[in-house]
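A.B. asks: To start, I am sharing the structure in question, which I have written as structure tokens.
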Amino acid sequence: MKIMVLYNDTAGKSDAKDTAESFKNYLEEHDPQSEAVLQPSNPDIEPETIQKNAKEHQIDTIAIIGGDGTIHHALQTFVDQLDKLTVAIIPGGTVNNFARMLGIPLKPEEAFETILNGTDRQIDYGLVNDSMMISTMTIGLLADTAAATSQEEKQQFGPLAFTKRFFHYLFKKKQYKLEIIADGKRWRGKSQLLTVVMSNSAGGFTNFDELARPDDGLFHMILLPKLNLLEFIIYLPRIIRGHIAKVPGVEYFTANEIEIRAQEKTVYTRTDGDPTDNLPVKMKVMKQALRVRVQEEDLDAK
């Protein structure tokens with residue numbers, strides 16, 4: 001293997017470079033015939049520079065150190081070459097939703113071992129206009145919550161950092177007037193929350209939507225016109241069990257292609273935790289177009 005190790009030492013706890021060097025040492029000890037090229041991938045480095053380095057070293061595998069946002073940006077850099085690459089993950093983010101949904105170990109050395117001795121799984125990825133999507137896209141309550149949660153809060157409190165902001169925006173009861181076209185079917189109305197997922201995992205919860213799989217070729221869209229706190233508490237056990245599609249008041253769609261518009265002038269979206277284009281957006285699933293290295297025993301688990 002010729003592996004480019006992508007790390008962003010400006011994100012999270014900023015120890016990604018140490019992890020990259022540890023992996024290189026691990027590779028030299030356990031698989032000396034393979035080669036690791038360390039490549040920073042922070043926002044100050046142009047994607048073309050990274051692409052050129054990968055081409056010069058004839059890279060066949062990219063190992064990404066970080067959480068969903070870092071993975072999102074790294075894959076965006078290589079979106080035109082993904083059919084020729086294997087993707088490996090060394091989790092290093094706050095939530096690590098993508099790693100959790102594929103059963104990739106969260107401990108670095110266990111992730112190292114998976115890269116060397118795991119198996120490959122073909123999974124879906126999505127496009128939100130021209131932006132890569134590996135996990136979730138949100139509009140409304142969750143997008144506003146994520147936008148208002150600082151990196152410092154994420155580092156200090158982890159997933160709990162979102163909870164405080166979530167309830168703040170919940171009580172504001174802001175709704176957006178949306179028009180959604182999902183595989184030709186049209187929905188119009190007000191919504192407080194819209195979430196599109198590509199697997200059963202969201203926000204670090206690995207049983208968010210029992211109907212979704214990362215290789216089913218579908219977006220799974222959860223639309224909540226109005227979120228009532230009392231009803232949320234009543235139905236929380238159902239949500240925890242992954243039965244969100246069965247919660248009264250929830251609109252649930254699956255589709256390969258989605259178009260979303262809003263009457264409001266500015267409606268933010270967030271994809272894989274990071275800001276993406278404001279509405280309107282067009283979304284499309286690229287079915288089983290991403291090859292990811294996973295633990296062999298977890299290949300059929302999720």
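To be explicit about the labels: the chains of the structure tokens are called A, B, and onward in the order shown, and within each one the residues are counted from 1, while ligands get numbers from 1 in the order they are shown.
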Using only C-alpha atoms, determine which residues lie at most 8 Å from stretch 182-193 of chain A, disregarding the query and same-chain residues fewer than 6 positions distant; provide the list as a list in words.
C.D. replies: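 The residues that qualify are Thr138, Ile139, Gly140, Leu141, Leu142, Lys173, Lys174, Gln175, Tyr176, Leu223, Leu224, Pro225, Lys226, Leu227, Phe253, Thr254, Ala255, Asn256, Glu257, Ile258 and Glu259 of chain A.
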A.B. asks: Using only C-alpha atoms, which residues sit within 9 Å of stretch 84-93 of chain A once same-chain residues fewer than 4 positions away are excluded, as a PyMOL selection string?
C.D. replies: chain A and resi 11-13+15-16+19+59-71+75+78+97-99+104-112+114-115+120+290-294
A.B. asks: Can you list, as a ChimeraX atom specification, every residue of stretch 100-271 of chain A that DSSP puts in strand (DSSP E)?
C.D. replies: /A:119-128,131-133,136-140,176-182,185-191,193-197,219-224,251-255,257-262,269-271
A.B. asks: Give me, as a VMD selection string, the residues of stretch 27-239 of chain A that a backbone DSSP run labels helix (DSSP H, G or I).
C.D. replies: chain A and resid 27 to 30 47 to 56 68 to 77 82 to 84 97 to 101 108 to 117 141 to 148 151 to 157 160 to 172 229 to 234 236 to 239
A.B. asks: Which is closest to A:Lys52 among A:Gly217, A:Gln33, A:Val128, A:Met4, if we use only C-alpha atoms?
C.D. replies: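 Checking each of A:Gly217, A:Gln33, A:Val128, A:Met4 against A:Lys52, counting only C-alpha atoms, the winner is A:Met4.
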A.B. asks: Write out as a count of residues only the residues lying within 10 Å of A:Glu21, counting only C-alpha atoms and excluding same-chain residues fewer than 4 positions away.
C.D. replies: 9
A.B. asks: For the atom pair atom CA of A:Thr269 and atom CA of A:Ala147, what is the interatomic distance in Å to one decimal place?
C.D. replies: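 Separation between atom CA of A:Thr269 and atom CA of A:Ala147: 9.4 Å.
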A.B. asks: If you count only C-alpha atoms, which residues fall within 9 Å of A:Ala289, apart from same-chain ones fewer than 6 positions away, as a list in words?
C.D. replies: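 My list of contacting residues is Leu82, Asp83, Gln122, Ile123, Asp124 and Tyr125 of chain A.
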